[in-house]
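The file protein07.txt contains compact mmCIF, C-alpha atoms and all ligand atoms:
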```txt
# COMPACT_ATOMS: atom_id res chain seq x y z
CA MET E 1 109.86 68.71 117.90
CA THR E 2 107.63 69.81 115.01
CA ALA E 3 108.86 72.76 112.97
CA PRO E 4 106.77 75.93 113.17
CA LEU E 5 104.31 76.54 110.34
CA ARG E 6 103.83 80.26 109.82
CA PHE E 7 102.07 82.51 107.32
CA GLY E 8 102.91 86.04 106.31
CA ILE E 9 101.74 88.62 103.82
CA TRP E 10 103.70 90.78 101.39
CA ALA E 11 102.94 94.43 102.10
CA LEU E 12 101.62 96.24 99.02
CA VAL E 13 104.52 98.67 98.85
CA HIS E 14 104.17 99.20 95.12
CA GLY E 15 100.51 98.32 94.67
CA SER E 16 98.84 95.14 93.48
CA ARG E 17 101.01 92.06 93.10
CA ALA E 18 99.45 90.40 90.05
CA ALA E 19 97.98 93.15 87.87
CA LEU E 20 98.07 96.90 88.27
CA GLN E 21 94.84 97.64 86.39
CA ASP E 22 92.24 95.60 88.23
CA PRO E 23 88.73 97.04 88.74
CA ASP E 24 88.41 94.83 91.85
CA GLU E 25 91.59 96.27 93.38
CA PRO E 26 92.15 99.92 92.47
CA TYR E 27 95.84 100.86 92.45
CA ASP E 28 96.85 101.84 96.00
CA ALA E 29 100.33 101.72 97.54
CA SER E 30 99.53 104.24 100.27
CA TRP E 31 100.62 104.15 103.88
CA GLU E 32 96.98 104.03 105.03
CA ARG E 33 96.23 100.98 102.91
CA ASN E 34 99.34 99.15 104.04
CA ARG E 35 98.73 100.02 107.68
CA ASP E 36 95.15 98.74 107.56
CA LEU E 37 96.20 95.64 105.62
CA ILE E 38 98.85 94.63 108.15
CA LEU E 39 96.60 95.40 111.12
CA SER E 40 93.93 93.17 109.66
CA ALA E 41 96.49 90.45 108.84
CA GLU E 42 97.50 90.49 112.49
CA ARG E 43 93.87 90.26 113.63
CA LEU E 44 93.23 87.35 111.23
CA GLY E 45 96.13 85.37 112.70
CA PHE E 46 98.92 85.89 110.16
CA ASP E 47 102.36 85.67 111.75
CA SER E 48 104.55 87.91 109.64
CA THR E 49 104.71 90.67 107.05
CA LEU E 50 107.43 91.43 104.51
CA ILE E 51 107.97 95.05 103.56
CA ALA E 52 110.02 95.13 100.36
CA GLN E 53 112.47 97.95 99.81
CA HIS E 54 112.39 100.05 96.66
CA THR E 55 113.10 103.76 96.64
CA VAL E 56 111.23 104.24 93.38
CA ASN E 57 108.49 102.02 92.02
CA PRO E 58 110.23 99.16 90.20
CA HIS E 59 107.45 98.81 87.60
CA HIS E 60 107.38 102.45 86.56
CA HIS E 61 108.97 105.51 88.12
CA ALA E 62 105.73 107.48 87.87
CA LEU E 63 103.85 105.04 90.14
CA ASP E 64 103.67 105.33 93.93
CA GLN E 65 106.08 103.53 96.25
CA LEU E 66 105.93 103.08 100.04
CA GLU E 67 109.18 103.58 101.98
CA ALA E 68 110.07 100.37 103.82
CA TRP E 69 112.00 101.45 106.93
CA THR E 70 109.95 104.39 108.12
CA SER E 71 106.80 102.32 107.50
CA ALA E 72 108.24 99.35 109.40
CA ALA E 73 108.88 101.58 112.43
CA ALA E 74 105.32 102.90 112.37
CA ILE E 75 103.86 99.40 111.91
CA ALA E 76 105.98 98.24 114.85
CA ALA E 77 104.34 100.83 117.09
CA LEU E 78 100.81 99.96 115.93
CA THR E 79 100.95 96.16 116.13
CA SER E 80 101.54 93.78 119.01
CA ARG E 81 102.13 90.27 117.70
CA ILE E 82 103.01 90.10 114.01
CA GLU E 83 106.65 89.79 112.89
CA ILE E 84 107.82 92.74 110.77
CA ILE E 85 110.47 92.06 108.13
CA ALA E 86 111.95 95.03 106.28
CA ALA E 87 114.09 94.44 103.20
CA ILE E 88 117.42 96.17 102.85
CA LYS E 89 119.86 96.69 99.98
CA PRO E 90 123.28 97.08 101.59
CA PHE E 91 124.68 99.78 99.30
CA LEU E 92 121.91 102.19 100.32
CA TYR E 93 122.88 102.38 104.01
CA HIS E 94 126.10 102.29 105.95
CA PRO E 95 125.99 99.15 108.16
CA VAL E 96 126.39 101.12 111.41
CA VAL E 97 123.42 103.35 110.57
CA LEU E 98 121.29 100.47 109.41
CA ALA E 99 122.08 98.34 112.47
CA LYS E 100 121.07 101.24 114.71
CA MET E 101 117.77 101.63 112.85
CA ALA E 102 117.09 97.89 113.03
CA GLN E 103 117.87 97.81 116.74
CA GLN E 104 115.47 100.72 117.32
CA ILE E 105 112.63 98.98 115.49
CA GLU E 106 113.41 95.83 117.48
CA HIS E 107 112.82 97.92 120.63
CA ILE E 108 109.66 99.60 119.30
CA SER E 109 108.22 96.21 118.30
CA ARG E 110 109.37 94.52 121.52
CA GLY E 111 111.33 91.78 119.76
CA ARG E 112 109.40 91.31 116.49
CA PHE E 113 111.73 92.83 113.94
CA ALA E 114 113.73 91.19 111.14
CA ILE E 115 115.70 92.33 108.13
CA ASN E 116 115.60 90.74 104.68
CA LEU E 117 118.97 91.21 103.04
CA VAL E 118 118.63 91.51 99.27
CA ASN E 119 121.45 92.34 96.90
CA ALA E 120 119.36 94.04 94.25
CA TRP E 121 118.64 93.75 90.56
CA ASN E 122 117.40 97.25 89.67
CA ARG E 123 120.40 99.06 88.19
CA ALA E 124 118.53 102.30 87.47
CA GLU E 125 117.32 102.67 91.07
CA ALA E 126 120.94 103.02 92.19
CA GLU E 127 122.59 104.65 89.20
CA ASN E 128 119.97 107.37 88.70
CA ALA E 129 120.78 108.46 92.26
CA GLY E 130 124.50 108.45 91.51
CA ILE E 131 125.01 105.31 93.64
CA HIS E 132 127.47 102.79 92.23
CA PHE E 133 125.74 99.55 91.16
CA ALA E 134 128.50 96.97 91.26
CA GLU E 135 128.55 93.77 89.21
CA HIS E 136 126.46 90.85 90.59
CA ASP E 137 129.10 88.94 92.59
CA ALA E 138 130.79 92.15 93.74
CA ARG E 139 127.43 93.25 95.20
CA TYR E 140 127.30 89.97 97.13
CA ALA E 141 130.89 90.41 98.38
CA TYR E 142 129.94 93.89 99.61
CA GLY E 143 126.73 92.53 101.17
CA THR E 144 128.66 89.78 102.96
CA GLU E 145 131.06 92.23 104.59
CA TRP E 146 128.12 94.52 105.37
CA ILE E 147 125.95 91.86 107.07
CA ALA E 148 128.83 90.58 109.22
CA ILE E 149 129.11 94.08 110.70
CA VAL E 150 125.35 94.56 111.08
CA SER E 151 124.94 91.16 112.72
CA ALA E 152 127.73 91.75 115.27
CA LEU E 153 126.38 95.23 116.12
CA LEU E 154 122.89 93.78 116.58
CA ARG E 155 124.33 91.26 119.03
CA GLY E 156 125.68 94.20 121.06
CA GLU E 157 129.32 93.42 120.30
CA SER E 158 132.07 95.98 119.99
CA VAL E 159 133.01 96.00 116.30
CA THR E 160 136.39 96.87 114.84
CA VAL E 161 136.83 96.13 111.14
CA GLN E 162 139.50 96.87 108.58
CA GLY E 163 137.63 95.44 105.61
CA GLU E 164 137.71 96.00 101.90
CA HIS E 165 134.72 98.32 102.10
CA PHE E 166 134.43 99.43 105.71
CA ARG E 167 136.74 100.78 108.42
CA ILE E 168 135.07 100.66 111.82
CA ASP E 169 136.73 101.35 115.12
CA GLY E 170 135.29 100.07 118.40
CA TYR E 171 131.62 100.69 117.54
CA GLU E 172 128.96 99.42 119.96
CA LEU E 173 125.22 100.01 119.95
CA ARG E 174 123.26 100.62 123.12
CA PRO E 175 120.80 99.74 124.44
CA ARG E 176 121.23 96.06 123.61
CA ASP E 177 118.37 93.86 122.41
CA PRO E 178 116.53 92.92 125.63
CA TYR E 179 114.29 90.38 123.88
CA ARG E 180 116.74 87.96 122.22
CA ALA E 181 120.30 87.70 120.96
CA ARG E 182 119.43 89.93 117.97
CA PRO E 183 116.68 90.56 115.37
CA GLN E 184 116.28 87.82 112.75
CA ILE E 185 118.18 87.91 109.45
CA TYR E 186 116.43 86.70 106.30
CA VAL E 187 118.17 86.55 102.92
CA GLY E 188 116.48 86.69 99.48
CA GLY E 189 118.31 85.69 96.27
CA GLU E 190 118.97 82.48 94.44
CA SER E 191 122.51 82.65 93.06
CA THR E 192 125.45 80.73 94.51
CA PRO E 193 126.72 83.77 96.45
CA ALA E 194 123.20 84.30 97.85
CA ARG E 195 123.19 80.70 99.12
CA ASP E 196 126.62 81.10 100.70
CA LEU E 197 125.50 84.37 102.25
CA VAL E 198 122.50 82.83 104.00
CA ALA E 199 124.50 79.77 105.10
CA GLY E 200 127.25 81.99 106.50
CA HIS E 201 125.23 84.79 108.09
CA GLY E 202 121.46 84.33 107.83
CA ASP E 203 118.73 82.68 109.87
CA THR E 204 116.16 82.08 107.12
CA TRP E 205 116.43 81.76 103.34
CA PHE E 206 113.56 83.13 101.30
CA ILE E 207 112.91 81.04 98.19
CA ASN E 208 110.84 82.45 95.34
CA GLY E 209 107.68 80.62 94.31
CA GLN E 210 108.56 77.51 92.29
CA PRO E 211 107.53 73.85 92.03
CA LEU E 212 108.02 71.50 94.98
CA ALA E 213 110.82 69.43 93.39
CA ASP E 214 112.85 72.59 92.71
CA VAL E 215 112.30 73.82 96.24
CA GLN E 216 113.42 70.44 97.63
CA GLY E 217 116.65 70.76 95.62
CA LEU E 218 117.29 74.30 96.85
CA VAL E 219 116.69 73.36 100.49
CA ALA E 220 119.13 70.44 100.21
CA ASP E 221 121.72 72.68 98.53
CA VAL E 222 121.67 75.33 101.25
CA ARG E 223 121.58 72.77 104.07
CA ALA E 224 124.80 71.28 102.66
CA ARG E 225 126.67 74.60 102.69
CA ARG E 226 129.12 75.63 105.36
CA ARG E 227 127.19 77.16 108.25
CA GLY E 228 128.34 80.29 110.05
CA GLU E 229 129.75 79.77 113.51
CA GLY E 230 127.24 79.72 116.35
CA LEU E 231 124.19 79.79 114.06
CA ALA E 232 121.24 77.39 114.39
CA PRO E 233 120.36 75.35 111.25
CA VAL E 234 119.05 77.48 108.35
CA ARG E 235 115.28 77.88 108.20
CA PHE E 236 113.34 78.30 104.97
CA GLY E 237 110.59 80.62 103.75
CA LEU E 238 108.67 80.46 100.46
CA SER E 239 107.04 83.27 98.54
CA ALA E 240 103.79 82.27 96.84
CA PHE E 241 100.69 83.73 95.23
CA VAL E 242 97.55 81.94 96.42
CA ILE E 243 94.30 81.43 94.55
CA ALA E 244 92.08 79.13 96.60
CA ARG E 245 88.42 78.46 95.86
CA GLU E 246 85.70 75.91 96.62
CA THR E 247 86.64 74.10 93.39
CA ALA E 248 89.87 73.84 91.38
CA ARG E 249 87.99 75.05 88.32
CA GLU E 250 86.95 78.32 90.00
CA ALA E 251 90.54 78.88 91.13
CA GLN E 252 91.82 78.29 87.61
CA GLU E 253 89.28 80.74 86.22
CA HIS E 254 90.41 83.45 88.61
CA CYS E 255 94.03 82.71 87.71
CA GLU E 256 93.22 83.18 84.02
CA HIS E 257 91.33 86.39 84.82
CA LEU E 258 94.38 87.79 86.66
CA ALA E 259 96.74 86.67 83.88
CA ALA E 260 94.57 88.52 81.33
CA LEU E 261 94.63 91.65 83.51
CA ALA E 262 98.40 91.33 83.98
CA ALA E 263 98.84 91.25 80.20
CA LYS E 264 97.53 94.84 80.12
CA ASP E 265 100.59 95.91 82.15
CA GLN E 266 103.10 94.61 79.62
CA ALA E 267 103.91 98.00 78.12
CA LEU E 268 104.07 99.66 81.53
CA LYS E 269 106.41 96.98 82.88
CA ALA E 270 108.78 97.21 79.89
CA GLN E 271 110.75 99.75 81.92
CA ARG E 272 111.22 97.17 84.69
CA ARG E 273 112.41 94.48 82.31
CA ALA E 274 115.05 96.82 80.89
CA GLN E 275 116.42 97.50 84.38
CA VAL E 276 116.92 93.91 85.49
CA ASP E 277 120.53 92.86 86.01
CA PRO E 278 120.81 89.97 83.50
CA LYS E 279 122.98 88.09 86.01
CA SER E 280 120.13 87.99 88.57
CA VAL E 281 119.57 84.23 88.89
CA MET E 282 116.19 84.84 90.45
CA HIS E 283 114.98 86.55 87.27
CA GLN E 284 116.32 83.67 85.16
CA THR E 285 114.19 81.31 87.28
CA PHE E 286 111.07 83.48 86.80
CA ALA E 287 111.51 83.29 83.03
CA LYS E 288 111.17 79.47 83.12
CA THR E 289 107.54 79.30 84.31
CA ALA E 290 104.69 81.64 83.41
CA SER E 291 103.13 82.87 86.62
CA VAL E 292 100.81 85.39 88.19
CA GLY E 293 102.19 87.59 90.99
CA SER E 294 105.71 88.66 91.87
CA ASN E 295 108.66 86.59 93.16
CA GLY E 296 107.57 83.41 91.44
CA GLY E 297 103.89 83.94 92.30
CA THR E 298 101.71 81.04 91.21
CA ALA E 299 104.73 78.97 90.07
CA ALA E 300 104.60 77.44 93.57
CA GLY E 301 101.28 75.85 92.53
CA LEU E 302 99.09 77.23 95.33
CA VAL E 303 96.16 77.53 92.91
CA GLY E 304 93.32 75.07 93.44
CA SER E 305 90.51 74.00 95.72
CA TYR E 306 90.87 74.73 99.42
CA ASP E 307 91.83 71.12 100.08
CA GLU E 308 94.36 71.03 97.26
CA VAL E 309 96.05 74.23 98.39
CA ALA E 310 96.17 72.90 101.98
CA GLN E 311 97.76 69.65 100.75
CA ARG E 312 100.38 71.52 98.71
CA ILE E 313 101.26 73.75 101.64
CA ALA E 314 101.61 70.62 103.78
CA ALA E 315 103.97 69.09 101.17
CA PHE E 316 106.13 72.23 101.10
CA HIS E 317 106.18 72.24 104.89
CA GLU E 318 107.39 68.64 104.90
CA ALA E 319 110.13 69.74 102.47
CA GLY E 320 111.36 72.22 105.10
CA ILE E 321 109.36 75.42 104.48
CA GLU E 322 108.35 77.04 107.78
CA LEU E 323 107.20 80.47 106.66
CA PHE E 324 104.87 81.04 103.67
CA MET E 325 105.01 84.66 102.53
CA LEU E 326 101.80 85.09 100.60
CA GLN E 327 100.31 87.30 97.93
CA PHE E 328 96.67 87.60 96.85
CA GLN E 329 94.48 89.71 94.57
CA PRO E 330 92.18 91.38 95.49
CA PHE E 331 94.44 91.26 98.51
CA GLU E 332 92.19 92.09 101.46
CA ARG E 333 89.31 89.85 100.35
CA GLU E 334 91.52 86.88 99.46
CA MET E 335 93.65 87.18 102.58
CA GLU E 336 90.47 86.90 104.65
CA ARG E 337 89.37 83.90 102.62
CA PHE E 338 92.73 82.24 103.25
CA ALA E 339 92.40 82.77 107.00
CA ARG E 340 88.82 81.48 107.00
CA GLU E 341 89.30 78.42 104.78
CA LEU E 342 92.96 77.43 105.03
CA PHE E 343 93.90 78.10 108.65
CA PRO E 344 91.39 75.54 110.03
CA ARG E 345 92.34 72.93 107.41
CA LEU E 346 96.03 73.33 108.17
CA GLN E 347 95.40 73.23 111.91
CA ARG E 348 93.53 69.94 111.49
CA TRP E 349 96.39 68.59 109.38
CA ARG E 350 98.94 69.58 112.02
CA ALA E 351 96.86 68.03 114.78
CA SER E 352 96.54 64.74 112.86
CA ARG E 353 100.29 64.21 112.38
C1 LIG E 401 111.62 87.01 99.17
C2 LIG E 401 112.41 88.00 98.37
C3 LIG E 401 112.24 89.34 98.59
C4 LIG E 401 112.93 90.28 97.86
N1 LIG E 401 112.74 91.61 98.12
C5 LIG E 401 113.42 92.54 97.41
C6 LIG E 401 113.27 93.92 97.71
O1 LIG E 401 112.57 94.28 98.65
N2 LIG E 401 113.94 94.81 96.96
C7 LIG E 401 114.76 94.43 95.93
O2 LIG E 401 115.33 95.29 95.26
N3 LIG E 401 114.94 93.12 95.64
C8 LIG E 401 114.29 92.19 96.36
N4 LIG E 401 114.50 90.85 96.11
C9 LIG E 401 115.33 90.52 94.98
C10 LIG E 401 116.77 90.45 95.28
O3 LIG E 401 117.32 91.73 95.17
C11 LIG E 401 117.31 89.42 94.29
O4 LIG E 401 117.48 88.31 95.02
C12 LIG E 401 118.51 89.78 93.51
O5 LIG E 401 118.25 90.78 92.66
C13 LIG E 401 118.96 88.67 92.60
O6 LIG E 401 119.81 87.90 93.26
P1 LIG E 401 120.18 86.47 92.76
O7 LIG E 401 120.99 86.61 91.50
O8 LIG E 401 120.99 85.94 93.89
O9 LIG E 401 118.93 85.69 92.53
C14 LIG E 401 113.84 89.86 96.86
C15 LIG E 401 114.04 88.50 96.65
C16 LIG E 401 113.36 87.57 97.40
C17 LIG E 401 113.60 86.12 97.16
```
This entry written out as structure tokens:
Amino acid sequence: MTAPLRFGIWALVHGSRAALQDPDEPYDASWERNRDLILSAERLGFDSTLIAQHTVNPHHHALDQLEAWTSAAAIAALTSRIEIIAAIKPFLYHPVVLAKMAQQIEHISRGRFAINLVNAWNRAEAENAGIHFAEHDARYAYGTEWIAIVSALLRGESVTVQGEHFRIDGYELRPRDPYRARPQIYVGGESTPARDLVAGHGDTWFINGQPLADVQGLVADVRARRRGEGLAPVRFGLSAFVIARETAREAQEHCEHLAALAAKDQALKAQRRAQVDPKSVMHQTFAKTASVGSNGGTAAGLVGSYDEVAQRIAAFHEAGIELFMLQFQPFEREMERFARELFPRLQRWRASR
């Protein structure tokens, strides 16, 4: 059986992904923009959307930020086909409350909801609210206990736990999920505990944009880890910023244009850099390759002619990537271009295999 090949878009929860001061994409992280963006992604044939979770804008506290969970519920009611993935940082919600919210959005969306478990890097986001921001591996230990509870509740089981962090006594959520065993669980994060977490409890591991050989190594590493009982083999998603044009030269020019615009944000983003947990492996990886976009962005190499980008996506797919979570800028225009130029090429490639 051939593995699914799916494409998603990052919601613009904190504005543009590559550069915040772009005359071709005025800063806009509003609900209306995100709603229209996801509705048009669904119409164009995209399969999924990822709504990142930040309570305050991670680049600068004075910039706008969309709330992930309330937006995911509204998007669920407005769409009919696209998968909706909302990110979640475990220390912000008790697992019983979060499982109930996830189950409700699963019902509203009629079986299209997923969570993306992320264990956070932004110390100030937590500490300025008086929320304890534990050390890196302690956050993962907390997240592991947390997701085991959420996952069991989502499956409709009665949960009793005497854990290090949680005491739960005979909790059950009703109604059950009528569409499948439970909503999907994605995990983002690159460290060893992140890999163990997805192997033990997740369905899909999100890898940040990076070169093919590195992605092949990461896929092999997680496949070799001890899998949680009763779980199907781990699936893989890749975050990537796409710049596709008629010619490679045009794509490179646009990439340089965005890099020059992004340089204007350096001072603004200094706040973000100061907040990063230095133990975040993901941020150590970003530092290795200059890139445009967030979460690895163009480091995945999806910058080139239409045919080149299609070939590189095909190579990642052969390495095990099933879901490509994409970024563009200007987002709406480039997302449409991707659907117009890349979907047919990739369909032809799939048909020829
Ligand atoms: C696809 C993806 C999406 C992410 N989304 C968020 C998010 O919405 N909010 C957030 O605070 N961190 C997000 N992260 C970052 C995680 O919090 C990050 O993995 C963590 O800080 C560092 O973990 P690591 O040391 O295991 O790499 C995301 C990471 C990935 C790979």
Enumerate as a PyMOL selection string the residues within 9 Å of ligand LIG 401 (chain E), counting all atoms listed in the file.
chain E and resi 50-55+58+68+86-89+116-122+125+136-137+140+186-195+205-209+237-239+276-285+295-296+325
Excluding Val303 of chain E and any residue of its chain fewer than 3 positions from it, enumerate the residues within 6 Å of it, using only C-alpha atoms, and give them as number ranges by chain.
E: 242-244
Output file for the selection above: C-alpha atoms, as a PDB file, in the frame of the given file:
```pdb
ATOM      1  CA  VAL E 242      97.550  81.940  96.420  1.00  0.00           C
ATOM      2  CA  ILE E 243      94.300  81.430  94.550  1.00  0.00           C
ATOM      3  CA  ALA E 244      92.080  79.130  96.600  1.00  0.00           C
TER       4      ALA E 244
END
```
What's the 10 Å shell around Glu164 of chain E, counting all atoms listed in the file, without same-chain residues fewer than 6 positions away, as a PyMOL selection string?
chain E and resi 141-142+145
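Atom pair atom CA of His254 of chain E / atom CA of Glu341 of chain E has a distance of 17.0 Å (rounded to one decimal).
Taking atom CA of Ile149 of chain E as the reference point, atom CA of Pro175 of chain E is found at 17.0 Å.
Ranking E:Arg123, E:Gln266, E:Ile75, E:Val150 by their shortest atom-to-atom distance to Leu98 of chain E, with only C-alpha atoms included, puts E:Val150 first.
Proximity to Thr160 of chain E at 9 Å, evaluated using all atoms listed in the file and with sequence-adjacent residues fewer than 5 positions away removed, yields Ile149, Arg167, Ile168, Asp169, Gly170 and Tyr171 of chain E.
The closest residue to Arg180 of chain E, picked from E:Gly163, E:Thr79, E:Glu229, E:Phe113 and counting only C-alpha atoms, is E:Phe113.
Atom CA of Leu37 of chain E to atom CA of Ile82 of chain E spans 12.1 Å [interatomic distance, one decimal].
Taking all atoms listed in the file into account, Gln327 of chain E lies nearest to E:Ala300 out of the set E:Ala232, E:Ala351, E:Ala310, E:Ala300.
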Given all atoms listed in the file as the basis, pick out the residue of E:Ala73, E:Ala262, E:Leu39, E:Ala251 nearest to Gly304 of chain E.
E:Ala251
